[in-house]
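Colleague: Starting off with a structure, shown below.
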Amino acid sequence: MSIHKTARKITTHVLQAMKAKNEKIAMLTAYDYSIAKLVDQAGIDVILVGDSAANVMAGYDTTLPLTLDEIIYHAKSVMRAVEKALVVVDLPFGTYQGNSKHALDSAIRIMKETGAHAVKLEGGAEVKESVIRILSAGIPVMGHLGLMPQSIHKFGTYVVRAKEEEEANQLKKDAKLLEELGCFALVLEKIPAKLAEEVSQSIKIPVIGIGAGGGVDGQVLVIHDMLGLTQEFSPRFLRRYHDLASEIKGAVSAYVKDVRSQDFPNEKEQY
Ligand code: KIV
């Protein structure tokens with residue numbers, strides 16, 4: 001029987017059991033109460049309160065400006081809505097790289113103030129001490145390798161990562177390290193599908209891909225992208241399930257027309 005029929009709430013253990021049973025994991029981002037409620041009701045396994053909020057909610061060019069207070073605000077809104085999904089919250093840039101004590105303080109604030117279930121951070125060996133310290137407090141950690149948007153100024157572009165052997169080998173080592181440290185899952189962003197599949201088969205924890213092909217244990221997309229709310233962003237890996245931008249613009253222009261023509265409100269729409 002599918003794990004979904006038996007489990008009431010998705011936990012990190014449920015995700016690991018899903019990998020063991022070869023059941024694929026579906027993950028999406030959400031940043032607010034209303035969308036999180038719909039996403040949860042529609043049966044998503046994992047909701048990521050991603051630092052992509054910096055782009056799609058706040059309009060910044062990169063994820064770097066998002067603060068801990070801001071992600072906590074988004075995560076609290078999401079947690080008020082969610083009944084079943086596992087909620088993972090991104091540690092924003094600058095809240096965990098400096099030293100492991102700072103990383104733990106940031107993760108504790110997220111867990112205490114939002115009630116979320118886990119945190120996610122970007123990096124491998126370079127964030128080892130932070131991962132160890134957060135895990136030692138009993139906080140589940142999801143890793144994130146490949147394209148790491150918080151390092152955009154180091155990479156210089158958002159192109160596919162780890163195409164060359166040296167970077168691919170480092171990524172494989174980092175994935176193994178994150179598993180050994182005790183991370184419960186790993187996101188692989190924008191890397192060759194073959195490499196992602198190899199990593200997924202080499203470790204026991206679930207690997208969730210974004211632009212990493214179908215050979216991994218689950219998929220994640222930014223909800224604004226898959227619903228067609230973001231218009232300028234169309235990487236090859238993105239499947240749009242809707243064209244909300246056109247729908248919203250159509251609805252708003254109809255409203256503007258009705259207000260101007262005094263068609264709205266009509267007799268039945270007033271007291
Ligand atoms: O912040 C985010 O939305 C993410 C996903 C792209 C995995 O980290």
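Naming works like this for the structure tokens: A, B, ... for the chains as they're shown, residue 1 at the start of each chain, ligands 1 onward in shown order.
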Please list as a PyMOL selection string every residue within 7 Å of segment 240-253 of chain A, counting only C-alpha atoms and excluding residues in the same chain fewer than 6 positions away.

Modeller: chain A and resi 225-229

Colleague: Can you write out the residues you just picked, keeping all heavy atoms, as an mmCIF file, in the first residue's frame?

Modeller:
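Below is the file that was written, part.cif:
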data_model
loop_
_atom_site.group_PDB
_atom_site.id
_atom_site.type_symbol
_atom_site.label_atom_id
_atom_site.label_comp_id
_atom_site.auth_asym_id
_atom_site.auth_seq_id
_atom_site.Cartn_x
_atom_site.Cartn_y
_atom_site.Cartn_z
ATOM 1 N N ASP A 225 6.854 29.516 -10.630
ATOM 2 C CA ASP A 225 7.305 29.111 -11.967
ATOM 3 C C ASP A 225 6.356 28.066 -12.550
ATOM 4 O O ASP A 225 5.950 28.170 -13.703
ATOM 5 C CB ASP A 225 8.723 28.521 -11.903
ATOM 6 C CG ASP A 225 9.750 29.533 -11.405
ATOM 7 O OD1 ASP A 225 9.487 30.753 -11.538
ATOM 8 O OD2 ASP A 225 10.789 29.106 -10.879
ATOM 9 N N MET A 226 5.997 27.051 -11.765
ATOM 10 C CA MET A 226 5.184 25.972 -12.340
ATOM 11 C C MET A 226 3.737 26.409 -12.583
ATOM 12 O O MET A 226 3.041 25.860 -13.420
ATOM 13 C CB MET A 226 5.280 24.673 -11.520
ATOM 14 C CG MET A 226 4.813 24.700 -10.100
ATOM 15 S SD MET A 226 3.040 24.444 -9.925
ATOM 16 C CE MET A 226 2.888 22.700 -10.175
ATOM 17 N N LEU A 227 3.289 27.440 -11.863
ATOM 18 C CA LEU A 227 1.927 27.944 -12.106
ATOM 19 C C LEU A 227 1.907 29.017 -13.200
ATOM 20 O O LEU A 227 0.842 29.522 -13.550
ATOM 21 C CB LEU A 227 1.344 28.541 -10.814
ATOM 22 C CG LEU A 227 0.997 27.564 -9.700
ATOM 23 C CD1 LEU A 227 0.450 28.309 -8.487
ATOM 24 C CD2 LEU A 227 -0.031 26.532 -10.176
ATOM 25 N N GLY A 228 3.087 29.385 -13.710
ATOM 26 C CA GLY A 228 3.131 30.390 -14.774
ATOM 27 C C GLY A 228 2.897 31.807 -14.283
ATOM 28 O O GLY A 228 2.389 32.646 -15.020
ATOM 29 N N LEU A 229 3.268 32.059 -13.027
ATOM 30 C CA LEU A 229 3.159 33.431 -12.497
ATOM 31 C C LEU A 229 4.374 34.250 -12.884
ATOM 32 O O LEU A 229 4.291 35.443 -13.118
ATOM 33 C CB LEU A 229 3.065 33.383 -10.972
ATOM 34 C CG LEU A 229 1.689 33.494 -10.342
ATOM 35 C CD1 LEU A 229 1.782 33.255 -8.852
ATOM 36 C CD2 LEU A 229 1.061 34.847 -10.627
#

Colleague: Grab me every residue within 7 Å of ligand 1, counting only C-alpha atoms and all ligand atoms, and send it over as a VMD selection string.

Modeller: chain A and resid 29 48 50 to 53 90 187 189 210 220 to 222

Colleague: As a list in words, please: every residue in segment 81-264 of chain A that DSSP puts in strand (DSSP E or B).

Modeller: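 Listing strand (DSSP E or B) positions across segment 81-264 of chain A yields Leu86, Val87, Val88, Val89, Asp90, Ala118, Val119, Lys120, Val141, Met142, Gly143, His144, Leu145, Gly146, Ala185, Leu186, Val187, Leu188, Glu189, Val207, Ile208, Gly209, Ile210, Gly218, Gln219, Val220 and Leu221 of chain A.
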
Colleague: Mind checking which residues fall within 8 Å of Pro149 of chain A, counting only C-alpha atoms, ignoring those fewer than 5 positions away in the same chain, and posting them as a PyMOL selection string?

Modeller: chain A and resi 62-63+158

Colleague: Could you give me, as CSV, a per-residue list for segment 164-259 of chain A showing, wherever an atom lies at most 12 Å from an atom of segment 121-142 of chain A, the closest pair of atoms and their distance in Å to one decimal, using only C-alpha atoms and sorting by chain then residue number from low to high?

Modeller:
residue,atom,partner,partner_atom,distance
A:Gln170,CA,A:Gly124,CA,8.8
A:Leu171,CA,A:Gly124,CA,7.8
A:Lys172,CA,A:Gly124,CA,9.8
A:Lys173,CA,A:Gly124,CA,8.3
A:Asp174,CA,A:Gly124,CA,4.7
A:Ala175,CA,A:Gly124,CA,7.2
A:Lys176,CA,A:Gly124,CA,9.3
A:Leu177,CA,A:Gly124,CA,7.2
A:Leu178,CA,A:Gly124,CA,6.7
A:Glu179,CA,A:Met142,CA,9.7
A:Glu180,CA,A:Ile132,CA,10.3
A:Leu181,CA,A:Ile132,CA,6.5
A:Gly182,CA,A:Leu135,CA,7.3
A:Cys183,CA,A:Val141,CA,5.0
A:Phe184,CA,A:Met142,CA,5.8
A:Ala185,CA,A:Met142,CA,4.9
A:Leu186,CA,A:Met142,CA,5.4
A:Val187,CA,A:Met142,CA,7.3
A:Leu188,CA,A:Glu122,CA,10.0
A:Glu189,CA,A:Glu122,CA,10.5
A:Ile205,CA,A:Met142,CA,9.8
A:Pro206,CA,A:Met142,CA,9.7
A:Val207,CA,A:Met142,CA,9.7
A:Ile208,CA,A:Met142,CA,9.9

Colleague: Store the residues picked out above in a file with C-alpha atoms, as a PDB file, in the first residue's frame.

Modeller:
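Below is the file that was written, result_7.pdb:
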ATOM      1  CA  GLN A 170      33.599  17.183  -5.500  1.00  0.00           C
ATOM      2  CA  LEU A 171      29.789  17.074  -5.647  1.00  0.00           C
ATOM      3  CA  LYS A 172      29.787  13.279  -5.196  1.00  0.00           C
ATOM      4  CA  LYS A 173      32.106  13.624  -2.168  1.00  0.00           C
ATOM      5  CA  ASP A 174      29.928  16.375  -0.675  1.00  0.00           C
ATOM      6  CA  ALA A 175      26.757  14.299  -1.149  1.00  0.00           C
ATOM      7  CA  LYS A 176      28.359  11.368   0.669  1.00  0.00           C
ATOM      8  CA  LEU A 177      29.602  13.679   3.423  1.00  0.00           C
ATOM      9  CA  LEU A 178      26.144  15.212   3.967  1.00  0.00           C
ATOM     10  CA  GLU A 179      24.665  11.714   4.209  1.00  0.00           C
ATOM     11  CA  GLU A 180      27.346  10.617   6.701  1.00  0.00           C
ATOM     12  CA  LEU A 181      26.821  13.735   8.812  1.00  0.00           C
ATOM     13  CA  GLY A 182      23.129  12.832   9.115  1.00  0.00           C
ATOM     14  CA  CYS A 183      21.243  15.048   6.653  1.00  0.00           C
ATOM     15  CA  PHE A 184      17.831  13.491   5.973  1.00  0.00           C
ATOM     16  CA  ALA A 185      17.635  14.509   2.292  1.00  0.00           C
ATOM     17  CA  LEU A 186      19.497  16.402  -0.379  1.00  0.00           C
ATOM     18  CA  VAL A 187      18.478  18.842  -3.111  1.00  0.00           C
ATOM     19  CA  LEU A 188      20.502  18.711  -6.339  1.00  0.00           C
ATOM     20  CA  GLU A 189      19.985  21.768  -8.517  1.00  0.00           C
ATOM     21  CA  ILE A 205      18.881   9.501   1.794  1.00  0.00           C
ATOM     22  CA  PRO A 206      16.334  10.879  -0.705  1.00  0.00           C
ATOM     23  CA  VAL A 207      17.688  13.110  -3.457  1.00  0.00           C
ATOM     24  CA  ILE A 208      15.253  15.762  -4.683  1.00  0.00           C
TER      25      ILE A 208
END

Colleague: Skip Ala103 of chain A itself and residues of its chain fewer than 2 positions away, then list as a compact mmCIF listing (two decimals) with N, CA, C and O atoms, in the first residue's frame all residues within 9 Å of it, counting only C-alpha atoms.

Modeller:
# COMPACT_ATOMS: atom_id res chain seq x y z
N LEU A 91 17.72 28.30 5.31
CA LEU A 91 18.53 29.24 6.09
C LEU A 91 19.05 30.29 5.11
O LEU A 91 19.75 29.95 4.15
N GLY A 94 24.16 34.12 4.82
CA GLY A 94 24.75 34.87 5.92
C GLY A 94 24.27 34.46 7.30
O GLY A 94 24.70 35.04 8.30
N THR A 95 23.40 33.46 7.36
CA THR A 95 22.88 33.07 8.68
C THR A 95 23.47 31.75 9.17
O THR A 95 23.11 31.27 10.24
N TYR A 96 24.39 31.14 8.36
CA TYR A 96 24.95 29.85 8.80
C TYR A 96 26.39 29.62 8.33
O TYR A 96 27.05 28.71 8.79
N GLN A 97 26.90 30.47 7.42
CA GLN A 97 28.23 30.20 6.86
C GLN A 97 29.36 30.67 7.78
O GLN A 97 30.44 30.10 7.77
N GLY A 98 29.09 31.71 8.58
CA GLY A 98 30.15 32.34 9.37
C GLY A 98 30.76 31.42 10.40
O GLY A 98 31.96 31.13 10.37
N ASN A 99 29.95 30.94 11.32
CA ASN A 99 30.43 29.95 12.29
C ASN A 99 29.25 29.10 12.75
O ASN A 99 28.09 29.49 12.58
N SER A 100 29.59 27.93 13.30
CA SER A 100 28.54 26.94 13.57
C SER A 100 27.60 27.39 14.69
O SER A 100 26.44 27.02 14.72
N LYS A 101 28.09 28.22 15.61
CA LYS A 101 27.24 28.71 16.71
C LYS A 101 26.16 29.62 16.12
O LYS A 101 24.98 29.54 16.48
N ASP A 105 22.13 29.06 16.15
CA ASP A 105 21.21 30.11 16.61
C ASP A 105 20.14 30.39 15.55
O ASP A 105 18.96 30.53 15.86
N SER A 106 20.56 30.47 14.28
CA SER A 106 19.61 30.76 13.20
C SER A 106 18.60 29.62 13.06
O SER A 106 17.39 29.86 12.93
N ALA A 107 19.11 28.38 13.08
CA ALA A 107 18.21 27.23 12.92
C ALA A 107 17.24 27.14 14.09
O ALA A 107 16.04 26.84 13.91
N ILE A 108 17.73 27.42 15.30
CA ILE A 108 16.85 27.37 16.48
C ILE A 108 15.75 28.42 16.35
O ILE A 108 14.58 28.16 16.64
N SER A 130 28.70 23.62 10.60
CA SER A 130 27.35 24.14 10.84
C SER A 130 26.33 23.01 10.80
O SER A 130 25.42 22.94 11.64
N VAL A 131 26.50 22.10 9.83
CA VAL A 131 25.56 20.97 9.72
C VAL A 131 25.62 20.12 10.99
O VAL A 131 24.58 19.77 11.58
N ARG A 133 26.56 20.93 14.01
CA ARG A 133 26.03 21.61 15.20
C ARG A 133 24.50 21.70 15.16
O ARG A 133 23.83 21.53 16.18
N ILE A 134 23.94 21.96 13.99
CA ILE A 134 22.47 22.05 13.89
C ILE A 134 21.86 20.67 14.17
O ILE A 134 20.89 20.54 14.93

Colleague: Within 7 Å of Thr114 of chain A, counting only C-alpha atoms, which residues show up once you throw out same-chain ones fewer than 5 positions away? Write them as a count of residues only, please.

Modeller: 4

Colleague: Can you list every residue in segment 58-120 of chain A that DSSP puts in helix (DSSP H, G or I), as a ChimeraX atom specification?

Modeller: /A:68-79,100-114

Colleague: Tell me, as a list in words, which residues lie within 9 Å of Ile10 of chain A, counting only C-alpha atoms; anything in the same chain fewer than 3 positions away does not count.

Modeller: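 The filter keeps His4, Ala7, His13, Val14, Leu15, Asp45, Val46, Lys84, Ala85 and Leu86 of chain A.
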
Colleague: Please, could you write that set of residues out with N, CA, C and O atoms as an mmCIF file, in the first residue's frame?

Modeller:
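As written to disk, again.cif reads:
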data_model
loop_
_atom_site.group_PDB
_atom_site.id
_atom_site.type_symbol
_atom_site.label_atom_id
_atom_site.label_comp_id
_atom_site.auth_asym_id
_atom_site.auth_seq_id
_atom_site.Cartn_x
_atom_site.Cartn_y
_atom_site.Cartn_z
ATOM 1 N N HIS A 4 1.273 7.050 1.337
ATOM 2 C CA HIS A 4 0.316 8.145 1.503
ATOM 3 C C HIS A 4 -0.998 7.694 2.108
ATOM 4 O O HIS A 4 -1.700 8.452 2.743
ATOM 5 N N ALA A 7 0.190 7.008 6.152
ATOM 6 C CA ALA A 7 0.776 8.032 7.019
ATOM 7 C C ALA A 7 -0.105 9.262 7.073
ATOM 8 O O ALA A 7 -0.543 9.762 6.053
ATOM 9 N N HIS A 13 11.207 10.506 8.227
ATOM 10 C CA HIS A 13 11.267 9.036 8.131
ATOM 11 C C HIS A 13 10.379 8.530 6.997
ATOM 12 O O HIS A 13 10.719 7.572 6.304
ATOM 13 N N VAL A 14 9.241 9.172 6.817
ATOM 14 C CA VAL A 14 8.352 8.795 5.711
ATOM 15 C C VAL A 14 9.085 8.992 4.380
ATOM 16 O O VAL A 14 9.027 8.144 3.485
ATOM 17 N N LEU A 15 9.802 10.101 4.261
ATOM 18 C CA LEU A 15 10.519 10.361 3.004
ATOM 19 C C LEU A 15 11.576 9.289 2.747
ATOM 20 O O LEU A 15 11.763 8.834 1.621
ATOM 21 N N ASP A 45 4.128 16.337 -0.751
ATOM 22 C CA ASP A 45 4.844 15.691 0.359
ATOM 23 C C ASP A 45 5.639 16.702 1.184
ATOM 24 O O ASP A 45 5.630 16.653 2.409
ATOM 25 N N VAL A 46 6.348 17.587 0.486
ATOM 26 C CA VAL A 46 7.231 18.530 1.184
ATOM 27 C C VAL A 46 6.972 19.940 0.668
ATOM 28 O O VAL A 46 6.894 20.160 -0.543
ATOM 29 N N LYS A 84 -0.471 18.394 6.645
ATOM 30 C CA LYS A 84 0.126 17.095 6.353
ATOM 31 C C LYS A 84 1.588 17.130 5.871
ATOM 32 O O LYS A 84 2.383 16.275 6.239
ATOM 33 N N ALA A 85 1.906 18.089 5.054
ATOM 34 C CA ALA A 85 3.244 18.096 4.432
ATOM 35 C C ALA A 85 4.353 18.339 5.456
ATOM 36 O O ALA A 85 4.124 18.930 6.517
ATOM 37 N N LEU A 86 5.547 17.884 5.112
ATOM 38 C CA LEU A 86 6.741 18.246 5.883
ATOM 39 C C LEU A 86 7.154 19.639 5.412
ATOM 40 O O LEU A 86 7.240 19.888 4.208
#

Colleague: For atom CA of His224 of chain A and atom CA of Ser151 of chain A, quote the distance in Å rounded to one decimal.

Modeller: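 About the pair atom CA of His224 of chain A and atom CA of Ser151 of chain A: they are 22.0 Å apart.
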
Colleague: Hey, can you check how far atom CA of Glu23 of chain A sits from atom CA of Ile203 of chain A?

Modeller: 15.8 Å

Colleague: Ranking A:Ala42, A:Val78, A:Ile223, A:Ile35 by minimum distance to Leu238 of chain A and counting only C-alpha atoms, which one comes first?

Modeller: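 The answer is A:Ile223, which sits nearest to Leu238 of chain A.
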
Colleague: Which one of A:Pro65, A:Gly115, A:Pro92, A:Gly211 sits closest to Arg239 of chain A if you count only C-alpha atoms?

Modeller: A:Gly211

Colleague: Which is closest to Ala212 of chain A among A:Lys24, A:Lys19, A:His144, A:Lys194, if we use only C-alpha atoms?

Modeller: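 Distance minimum relative to Ala212 of chain A lands on A:Lys194.
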
Colleague: Closest to Gly215 of chain A among A:Glu232, A:Ala20, A:Leu64, A:Glu197, using only C-alpha atoms?

Modeller: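 Nearest candidate to Gly215 of chain A out of A:Glu232, A:Ala20, A:Leu64, A:Glu197: A:Glu197.
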